[in-house]
file start-v1.cif (mmCIF, C-alpha atoms)
data_target
#
loop_
_atom_site.group_PDB
_atom_site.id
_atom_site.type_symbol
_atom_site.label_atom_id
_atom_site.label_comp_id
_atom_site.auth_asym_id
_atom_site.auth_seq_id
_atom_site.Cartn_x
_atom_site.Cartn_y
_atom_site.Cartn_z
ATOM 1 C CA LEU A 1 42.848 93.690 61.589
ATOM 2 C CA ALA A 2 39.827 91.575 60.816
ATOM 3 C CA LYS A 3 38.342 92.403 57.437
ATOM 4 C CA THR A 4 34.624 93.064 57.224
ATOM 5 C CA THR A 5 32.164 92.424 54.417
ATOM 6 C CA GLN A 6 28.800 94.173 54.141
ATOM 7 C CA PRO A 7 26.191 94.519 51.413
ATOM 8 C CA ILE A 8 26.839 97.588 49.287
ATOM 9 C CA SER A 9 23.257 98.764 49.396
ATOM 10 C CA MET A 10 19.825 97.995 50.811
ATOM 11 C CA ASP A 11 16.345 99.372 50.273
ATOM 12 C CA SER A 12 13.493 99.470 52.742
ATOM 13 C CA TYR A 13 10.222 101.241 53.439
ATOM 14 C CA GLU A 14 9.121 103.370 56.307
ATOM 15 C CA GLY A 15 7.965 101.370 59.313
ATOM 16 C CA GLN A 16 9.867 98.216 58.407
ATOM 17 C CA GLU A 17 12.623 96.609 60.428
ATOM 18 C CA VAL A 18 15.996 96.639 58.693
ATOM 19 C CA ASN A 19 18.749 94.146 59.383
ATOM 20 C CA ILE A 20 22.248 94.759 58.038
ATOM 21 C CA THR A 21 24.671 91.872 58.375
ATOM 22 C CA CYS A 22 28.425 92.218 58.547
ATOM 23 C CA SER A 23 30.786 89.282 58.060
ATOM 24 C CA HIS A 24 34.098 89.199 59.926
ATOM 25 C CA ASN A 25 35.363 85.640 59.634
ATOM 26 C CA ASN A 26 38.813 86.271 61.130
ATOM 27 C CA ILE A 27 37.727 88.290 64.137
ATOM 28 C CA ALA A 28 40.219 88.068 67.000
ATOM 29 C CA THR A 29 39.391 87.091 70.561
ATOM 30 C CA ASN A 30 39.711 90.628 71.905
ATOM 31 C CA ASP A 31 38.003 92.407 69.009
ATOM 32 C CA TYR A 32 34.882 94.464 69.517
ATOM 33 C CA ILE A 33 32.298 95.157 66.813
ATOM 34 C CA THR A 34 31.299 98.774 66.280
ATOM 35 C CA TRP A 35 28.765 100.335 63.931
ATOM 36 C CA TYR A 36 28.722 103.903 62.638
ATOM 37 C CA GLN A 37 26.100 105.835 60.699
ATOM 38 C CA GLN A 38 26.883 108.537 58.159
ATOM 39 C CA PHE A 39 24.373 110.993 56.752
ATOM 40 C CA PRO A 40 25.173 112.883 53.534
ATOM 41 C CA SER A 41 27.599 115.759 54.052
ATOM 42 C CA GLN A 42 28.300 114.741 57.645
ATOM 43 C CA GLY A 43 30.950 112.775 59.457
ATOM 44 C CA PRO A 44 30.106 109.282 60.721
ATOM 45 C CA ARG A 45 28.630 108.968 64.165
ATOM 46 C CA PHE A 46 28.736 106.048 66.588
ATOM 47 C CA ILE A 47 25.598 103.907 66.782
ATOM 48 C CA ILE A 48 26.360 100.817 68.826
ATOM 49 C CA GLN A 49 29.151 98.531 69.984
ATOM 50 C CA GLY A 50 29.226 94.974 71.252
ATOM 51 C CA TYR A 51 31.391 91.980 72.002
ATOM 52 C CA LYS A 52 28.977 89.058 72.111
ATOM 53 C CA THR A 53 25.254 88.146 72.271
ATOM 54 C CA LYS A 54 22.926 91.133 72.053
ATOM 55 C CA VAL A 55 23.272 94.818 72.740
ATOM 56 C CA THR A 56 20.403 97.302 72.564
ATOM 57 C CA ASN A 57 20.251 101.055 72.875
ATOM 58 C CA GLU A 58 17.755 103.754 71.974
ATOM 59 C CA VAL A 59 18.797 103.694 68.322
ATOM 60 C CA ALA A 60 19.466 100.080 67.359
ATOM 61 C CA SER A 61 20.177 96.513 68.395
ATOM 62 C CA LEU A 62 23.277 94.503 67.654
ATOM 63 C CA PHE A 63 23.107 90.731 67.438
ATOM 64 C CA ILE A 64 26.321 88.709 67.638
ATOM 65 C CA PRO A 65 26.211 84.906 67.363
ATOM 66 C CA ALA A 66 28.349 82.680 69.532
ATOM 67 C CA ASP A 67 31.073 82.200 66.905
ATOM 68 C CA ARG A 68 31.273 86.004 66.423
ATOM 69 C CA LYS A 69 32.060 85.588 62.724
ATOM 70 C CA SER A 70 29.227 87.914 61.819
ATOM 71 C CA SER A 71 27.023 90.546 63.383
ATOM 72 C CA THR A 72 23.670 92.071 62.526
ATOM 73 C CA LEU A 73 22.650 95.657 63.046
ATOM 74 C CA SER A 74 18.894 95.897 63.501
ATOM 75 C CA LEU A 75 17.020 99.160 63.029
ATOM 76 C CA PRO A 76 13.407 98.896 64.226
ATOM 77 C CA ARG A 77 10.667 100.662 62.284
ATOM 78 C CA VAL A 78 12.875 102.784 60.056
ATOM 79 C CA SER A 79 11.897 106.246 58.891
ATOM 80 C CA LEU A 80 13.101 108.381 55.991
ATOM 81 C CA SER A 81 15.666 109.933 58.323
ATOM 82 C CA ASP A 82 17.424 106.577 58.666
ATOM 83 C CA THR A 83 18.604 106.856 55.076
ATOM 84 C CA ALA A 84 22.371 106.801 55.505
ATOM 85 C CA VAL A 85 25.511 104.740 55.060
ATOM 86 C CA TYR A 86 26.212 102.229 57.819
ATOM 87 C CA TYR A 87 29.732 101.018 58.572
ATOM 88 C CA CYS A 88 30.796 97.937 60.511
ATOM 89 C CA LEU A 89 34.230 98.027 62.175
ATOM 90 C CA VAL A 90 36.056 95.285 64.016
ATOM 91 C CA GLY A 91 39.014 95.773 66.267
ATOM 92 C CA TRP A 92 40.347 96.229 69.754
ATOM 93 C CA ALA A 93 41.125 99.736 70.889
ATOM 94 C CA SER A 94 44.238 99.071 72.912
ATOM 95 C CA GLY A 95 46.352 102.143 72.659
ATOM 96 C CA GLY A 96 47.603 103.218 69.280
ATOM 97 C CA SER A 97 47.671 99.696 67.886
ATOM 98 C CA TYR A 98 44.016 99.894 66.920
ATOM 99 C CA ILE A 99 43.494 101.715 63.641
ATOM 100 C CA PRO A 100 39.798 102.329 62.946
ATOM 101 C CA THR A 101 39.355 101.092 59.377
ATOM 102 C CA PHE A 102 36.219 101.857 57.395
ATOM 103 C CA GLY A 103 35.116 99.844 54.386
ATOM 104 C CA ARG A 104 32.596 101.092 51.834
ATOM 105 C CA GLY A 105 29.713 100.522 54.209
ATOM 106 C CA THR A 106 26.074 99.745 53.399
ATOM 107 C CA SER A 107 24.003 102.455 51.794
ATOM 108 C CA LEU A 108 20.471 102.186 53.186
ATOM 109 C CA ILE A 109 17.690 103.971 51.363
ATOM 110 C CA VAL A 110 14.325 104.195 53.082
ATOM 111 C CA HIS A 111 11.375 104.810 50.783
ATOM 112 C CA PRO A 112 8.037 106.395 51.747
ATOM 113 C CA ASN B 1 31.743 121.639 74.418
ATOM 114 C CA ALA B 2 32.093 121.867 70.646
ATOM 115 C CA GLY B 3 33.488 118.354 70.045
ATOM 116 C CA VAL B 4 35.576 118.136 66.874
ATOM 117 C CA THR B 5 35.793 121.271 64.746
ATOM 118 C CA GLN B 6 37.242 121.385 61.249
ATOM 119 C CA THR B 7 38.235 124.507 59.374
ATOM 120 C CA PRO B 8 37.695 125.491 56.659
ATOM 121 C CA LYS B 9 34.461 123.815 55.556
ATOM 122 C CA PHE B 10 35.082 124.451 51.862
ATOM 123 C CA ARG B 11 38.137 125.328 49.823
ATOM 124 C CA VAL B 12 39.078 125.539 46.168
ATOM 125 C CA LEU B 13 42.743 125.328 45.223
ATOM 126 C CA LYS B 14 44.673 125.492 42.011
ATOM 127 C CA THR B 15 47.101 122.718 41.201
ATOM 128 C CA GLY B 16 50.383 123.315 42.966
ATOM 129 C CA GLN B 17 48.997 125.515 45.728
ATOM 130 C CA SER B 18 49.432 124.614 49.362
ATOM 131 C CA MET B 19 47.055 124.722 52.281
ATOM 132 C CA THR B 20 46.515 123.485 55.808
ATOM 133 C CA LEU B 21 43.372 121.951 57.242
ATOM 134 C CA LEU B 22 42.856 122.403 60.950
ATOM 135 C CA CYS B 23 41.185 119.937 63.294
ATOM 136 C CA ALA B 24 40.531 120.980 66.865
ATOM 137 C CA GLN B 25 38.961 118.920 69.658
ATOM 138 C CA ASP B 26 38.031 120.061 73.136
ATOM 139 C CA MET B 27 37.494 116.626 74.705
ATOM 140 C CA ASN B 28 41.091 116.029 75.813
ATOM 141 C CA HIS B 29 41.338 113.059 73.438
ATOM 142 C CA GLU B 30 44.682 111.358 72.906
ATOM 143 C CA TYR B 31 44.119 109.915 69.448
ATOM 144 C CA MET B 32 43.330 111.877 66.323
ATOM 145 C CA TYR B 33 42.856 110.785 62.712
ATOM 146 C CA TRP B 34 42.585 112.293 59.254
ATOM 147 C CA TYR B 35 40.464 110.464 56.673
ATOM 148 C CA ARG B 36 39.513 111.252 53.103
ATOM 149 C CA GLN B 37 36.278 110.155 51.465
ATOM 150 C CA ASP B 38 35.729 109.967 47.739
ATOM 151 C CA PRO B 39 32.375 109.380 46.001
ATOM 152 C CA GLY B 40 31.119 105.841 46.528
ATOM 153 C CA MET B 41 34.066 105.015 48.758
ATOM 154 C CA GLY B 42 34.435 104.526 52.437
ATOM 155 C CA LEU B 43 36.787 106.559 54.543
ATOM 156 C CA ARG B 44 40.486 106.005 53.958
ATOM 157 C CA LEU B 45 42.994 106.866 56.643
ATOM 158 C CA ILE B 46 45.650 109.401 55.684
ATOM 159 C CA HIS B 47 47.600 109.972 58.898
ATOM 160 C CA TYR B 48 46.948 109.588 62.579
ATOM 161 C CA SER B 49 48.376 110.592 65.938
ATOM 162 C CA VAL B 50 48.449 108.707 69.224
ATOM 163 C CA GLY B 51 49.421 111.723 71.281
ATOM 164 C CA GLU B 52 50.901 115.184 71.308
ATOM 165 C CA GLY B 53 54.087 115.310 69.254
ATOM 166 C CA THR B 54 53.473 111.974 67.513
ATOM 167 C CA THR B 55 52.228 111.176 64.026
ATOM 168 C CA ALA B 56 52.058 108.071 61.860
ATOM 169 C CA LYS B 57 51.152 107.164 58.292
ATOM 170 C CA GLY B 58 47.853 105.604 57.401
ATOM 171 C CA GLU B 59 46.660 103.904 54.248
ATOM 172 C CA VAL B 60 47.030 106.846 51.827
ATOM 173 C CA PRO B 61 49.669 109.261 53.190
ATOM 174 C CA ASP B 62 51.372 110.353 49.956
ATOM 175 C CA GLY B 63 51.074 114.056 49.234
ATOM 176 C CA TYR B 64 50.080 114.948 52.801
ATOM 177 C CA ASN B 65 51.899 115.967 55.959
ATOM 178 C CA VAL B 66 50.583 116.331 59.487
ATOM 179 C CA SER B 67 51.580 117.873 62.781
ATOM 180 C CA ARG B 68 50.330 117.526 66.355
ATOM 181 C CA LEU B 69 52.149 120.238 68.263
ATOM 182 C CA LYS B 70 49.296 120.652 70.731
ATOM 183 C CA LYS B 71 47.117 117.852 72.062
ATOM 184 C CA GLN B 72 43.922 119.516 70.952
ATOM 185 C CA ASN B 73 44.988 120.269 67.369
ATOM 186 C CA PHE B 74 45.835 118.033 64.421
ATOM 187 C CA LEU B 75 46.870 119.778 61.211
ATOM 188 C CA LEU B 76 46.778 118.268 57.732
ATOM 189 C CA GLY B 77 48.942 119.930 55.106
ATOM 190 C CA LEU B 78 49.016 119.711 51.346
ATOM 191 C CA GLU B 79 52.318 121.104 50.084
ATOM 192 C CA SER B 80 51.524 120.982 46.382
ATOM 193 C CA ALA B 81 47.894 120.199 45.725
ATOM 194 C CA ALA B 82 46.916 117.870 42.882
ATOM 195 C CA PRO B 83 43.489 117.200 41.314
ATOM 196 C CA SER B 84 43.626 113.669 42.775
ATOM 197 C CA GLN B 85 43.387 115.267 46.209
ATOM 198 C CA THR B 86 39.920 116.586 45.482
ATOM 199 C CA SER B 87 37.914 114.942 48.229
ATOM 200 C CA VAL B 88 36.041 115.401 51.474
ATOM 201 C CA TYR B 89 38.353 115.312 54.471
ATOM 202 C CA PHE B 90 37.202 114.184 57.897
ATOM 203 C CA CYS B 91 38.985 114.480 61.177
ATOM 204 C CA ALA B 92 38.181 112.197 64.094
ATOM 205 C CA SER B 93 39.319 111.723 67.653
ATOM 206 C CA ARG B 94 38.932 109.245 70.477
ATOM 207 C CA LEU B 95 39.840 109.311 74.126
ATOM 208 C CA GLY B 96 42.567 106.736 74.574
ATOM 209 C CA ASN B 97 43.327 103.220 75.637
ATOM 210 C CA SER B 98 39.991 101.419 75.453
ATOM 211 C CA ASN B 99 37.129 100.821 73.040
ATOM 212 C CA GLU B 100 35.850 104.346 72.983
ATOM 213 C CA LYS B 101 33.874 105.606 70.067
ATOM 214 C CA LEU B 102 35.264 107.926 67.450
ATOM 215 C CA PHE B 103 34.012 111.481 67.252
ATOM 216 C CA PHE B 104 34.055 113.078 63.823
ATOM 217 C CA GLY B 105 34.144 116.621 62.549
ATOM 218 C CA SER B 106 31.730 117.840 59.896
ATOM 219 C CA GLY B 107 34.268 117.610 57.102
ATOM 220 C CA THR B 108 36.119 119.842 54.657
ATOM 221 C CA GLN B 109 35.169 119.793 50.987
ATOM 222 C CA LEU B 110 38.343 120.418 48.982
ATOM 223 C CA SER B 111 38.453 120.909 45.239
ATOM 224 C CA VAL B 112 41.733 121.121 43.356
ATOM 225 C CA LEU B 113 41.449 122.512 39.853
#

call {"tool": "encode", "arguments": {"input": "start-v1.cif", "output": "structure tokens"}}
result
Amino acid sequence: LAKTTQPISMDSYEGQEVNITCSHNNIATNDYITWYQQFPSQGPRFIIQGYKTKVTNEVASLFIPADRKSSTLSLPRVSLSDTAVYYCLVGWASGGSYIPTFGRGTSLIVHP
Amino acid sequence: NAGVTQTPKFRVLKTGQSMTLLCAQDMNHEYMYWYRQDPGMGLRLIHYSVGEGTTAKGEVPDGYNVSRLKKQNFLLGLESAAPSQTSVYFCASRLGNSNEKLFFGSGTQLSVL
């Protein structure tokens, strides 16, 4: 499994755009990149997934450069409710061979 | 459609006691996982199952056992609880053979005194 590296923590203010970068230098050809969000006292929940270029949904955008060795989760105009831990996962969900592995994630704190 | 349900939500044990945590999903998912999360740490995989009747060890399986007798249920057992097993336990499931997202339960806070 490709190992991921993320910043341990980030701070932002309400209304700002937040970009969290994840490094995955040994990503495999078939691997997808998936991001999860975890609020205190809750289980993680899926935010976004992509393979290459850019993916956007109602919550976030995911930018993946051509070499796919990193990815950036972009949260537009954050609010206090975006304070959470964000996890980047890399892998290919082909049957039981894919084991979703979570690192320590990035703790984002949004200030008023 | 309740998703993934974990019971109990909280439990306090004495060292040496045993207990079982139940995870139930109503989405007909093939794969189920048990994770533990300690303060300041990410989620670490304890055991997982790729289908009814199958189980496999994850990263930190020692001191735990699991069973998947029915597709919708995944049980995590502690035979002789230790203080080091004080943690928050999360169950997750996903559909099957593609890049589906994981669905998580709300967690079980376990304290072993």

call {"tool": "residues_around", "arguments": {"input": "start-v1.cif", "residues": "Tyr64 of chain B", "least_positions_apart": "2", "cutoff": "6 Å", "atoms": "all atoms listed in the file", "output": "list in words"}}
result
Pro61, Asp62, Gly77 and Leu78 of chain B

call {"tool": "closest_residue", "arguments": {"input": "start-v1.cif", "among": "A:Ile20, A:Leu75, A:Leu80, A:Leu89", "to": "chain B", "atoms": "all atoms listed in the file"}}
result
A:Leu89

call {"tool": "closest_residue", "arguments": {"input": "start-v1.cif", "among": "B:Tyr48, B:Phe10, B:Tyr35, B:Phe104", "to": "chain A", "atoms": "all atoms listed in the file"}}
result
B:Phe104

call {"tool": "resolve_selection", "arguments": {"input": "start-v1.cif", "expression": "the PyMOL selection byres ((chain A and resi 21-29) around 10)", "output": "JSON, numbers by chain"}}
result
{"A": [1, 2, 3, 4, 5, 6, 7, 18, 19, 20, 30, 31, 32, 33, 35, 51, 62, 63, 64, 67, 68, 69, 70, 71, 72, 73, 74, 87, 88, 89, 90, 91, 92, 105, 106]}

call {"tool": "atom_distance", "arguments": {"input": "start-v1.cif", "atom1": "atom CA of Leu21 of chain B", "atom2": "atom CA of Val85 of chain A"}}
result
24.9 Å

call {"tool": "residues_around", "arguments": {"input": "start-v1.cif", "residues": "Met19 of chain B", "least_positions_apart": "6", "cutoff": "9 Å", "atoms": "all atoms listed in the file", "output": "PyMOL selection string"}}
result
chain B and resi 13+76-81

call {"tool": "closest_residue", "arguments": {"input": "start-v1.cif", "among": "B:Gly53, B:Gly105, B:Gly16, B:Pro83", "to": "chain A", "atoms": "only C-alpha atoms"}}
result
B:Gly105

call {"tool": "closest_residue", "arguments": {"input": "start-v1.cif", "among": "B:Gln25, B:Leu113, B:Ala82, B:Thr5", "to": "chain A", "atoms": "only C-alpha atoms"}}
result
B:Thr5

call {"tool": "residues_around", "arguments": {"input": "start-v1.cif", "residues": "Ser107 of chain A", "least_positions_apart": "6", "cutoff": "7 Å", "atoms": "only C-alpha atoms", "output": "list of chain:residue names"}}
result
A:Ile8, A:Ser9, A:Met10, A:Ala84, A:Val85, A:Tyr86

call {"tool": "atom_distance", "arguments": {"input": "start-v1.cif", "atom1": "atom CA of Phe39 of chain A", "atom2": "atom CA of Ile46 of chain B"}}
result
21.4 Å

call {"tool": "closest_atom_pairs", "arguments": {"input": "start-v1.cif", "of": "chain B", "to": "chain A", "cutoff": "7 Å", "atoms": "only C-alpha atoms", "output": "tab-separated table"}}
result
residue	atom	partner	partner_atom	distance
B:Met41	CA	A:Arg104	CA	5.2
B:Gly42	CA	A:Arg104	CA	3.9
B:Leu43	CA	A:Phe102	CA	5.5
B:Arg44	CA	A:Phe102	CA	6.9
B:Val50	CA	A:Gly96	CA	5.6
B:Phe90	CA	A:Gly43	CA	6.6
B:Gly96	CA	A:Gly95	CA	6.3
B:Asn97	CA	A:Gly95	CA	4.4
B:Ser98	CA	A:Ala93	CA	5.0
B:Asn99	CA	A:Ala93	CA	4.7
B:Lys101	CA	A:Phe46	CA	6.2
B:Leu102	CA	A:Phe46	CA	6.8
B:Phe103	CA	A:Arg45	CA	6.7
B:Phe104	CA	A:Gly43	CA	5.4
B:Gly105	CA	A:Gly43	CA	5.9
B:Ser106	CA	A:Gln42	CA	5.1
B:Gly107	CA	A:Gly43	CA	6.3

call {"tool": "write_last_selection", "arguments": {"input": "start-v1.cif", "atoms": "C-alpha atoms", "output": "tab-separated table (two decimals), in the coordinates of the input"}}
result
chain	number	residue	atom	x	y	z
B	41	MET	CA	34.07	105.02	48.76
B	42	GLY	CA	34.44	104.53	52.44
B	43	LEU	CA	36.79	106.56	54.54
B	44	ARG	CA	40.49	106.00	53.96
B	50	VAL	CA	48.45	108.71	69.22
B	90	PHE	CA	37.20	114.18	57.90
B	96	GLY	CA	42.57	106.74	74.57
B	97	ASN	CA	43.33	103.22	75.64
B	98	SER	CA	39.99	101.42	75.45
B	99	ASN	CA	37.13	100.82	73.04
B	101	LYS	CA	33.87	105.61	70.07
B	102	LEU	CA	35.26	107.93	67.45
B	103	PHE	CA	34.01	111.48	67.25
B	104	PHE	CA	34.06	113.08	63.82
B	105	GLY	CA	34.14	116.62	62.55
B	106	SER	CA	31.73	117.84	59.90
B	107	GLY	CA	34.27	117.61	57.10

call {"tool": "axis_aligned_box", "arguments": {"input": "start-v1.cif", "around": "segment 1-8 of chain B", "padding_each_side": "3 Å", "output": "JSON"}}
result
{"center_x": 35.0, "center_y": 121.8, "center_z": 65.5, "size_x": 12.5, "size_y": 13.4, "size_z": 23.8}

call {"tool": "residues_near_point", "arguments": {"input": "start-v1.cif", "point": "(47.1, 116.4, 62.5)", "cutoff": "8 Å", "atoms": "only C-alpha atoms", "output": "PyMOL selection string"}}
result
chain B and resi 22-23+32-34+47-49+55+66-68+73-76

call {"tool": "resolve_selection", "arguments": {"input": "start-v1.cif", "expression": "the PyMOL selection byres ((chain B and resi 3) around 7)", "output": "list in words"}}
result
Asn1, Ala2, Val4, Thr5, Gln25, Asp26 and Met27 of chain B
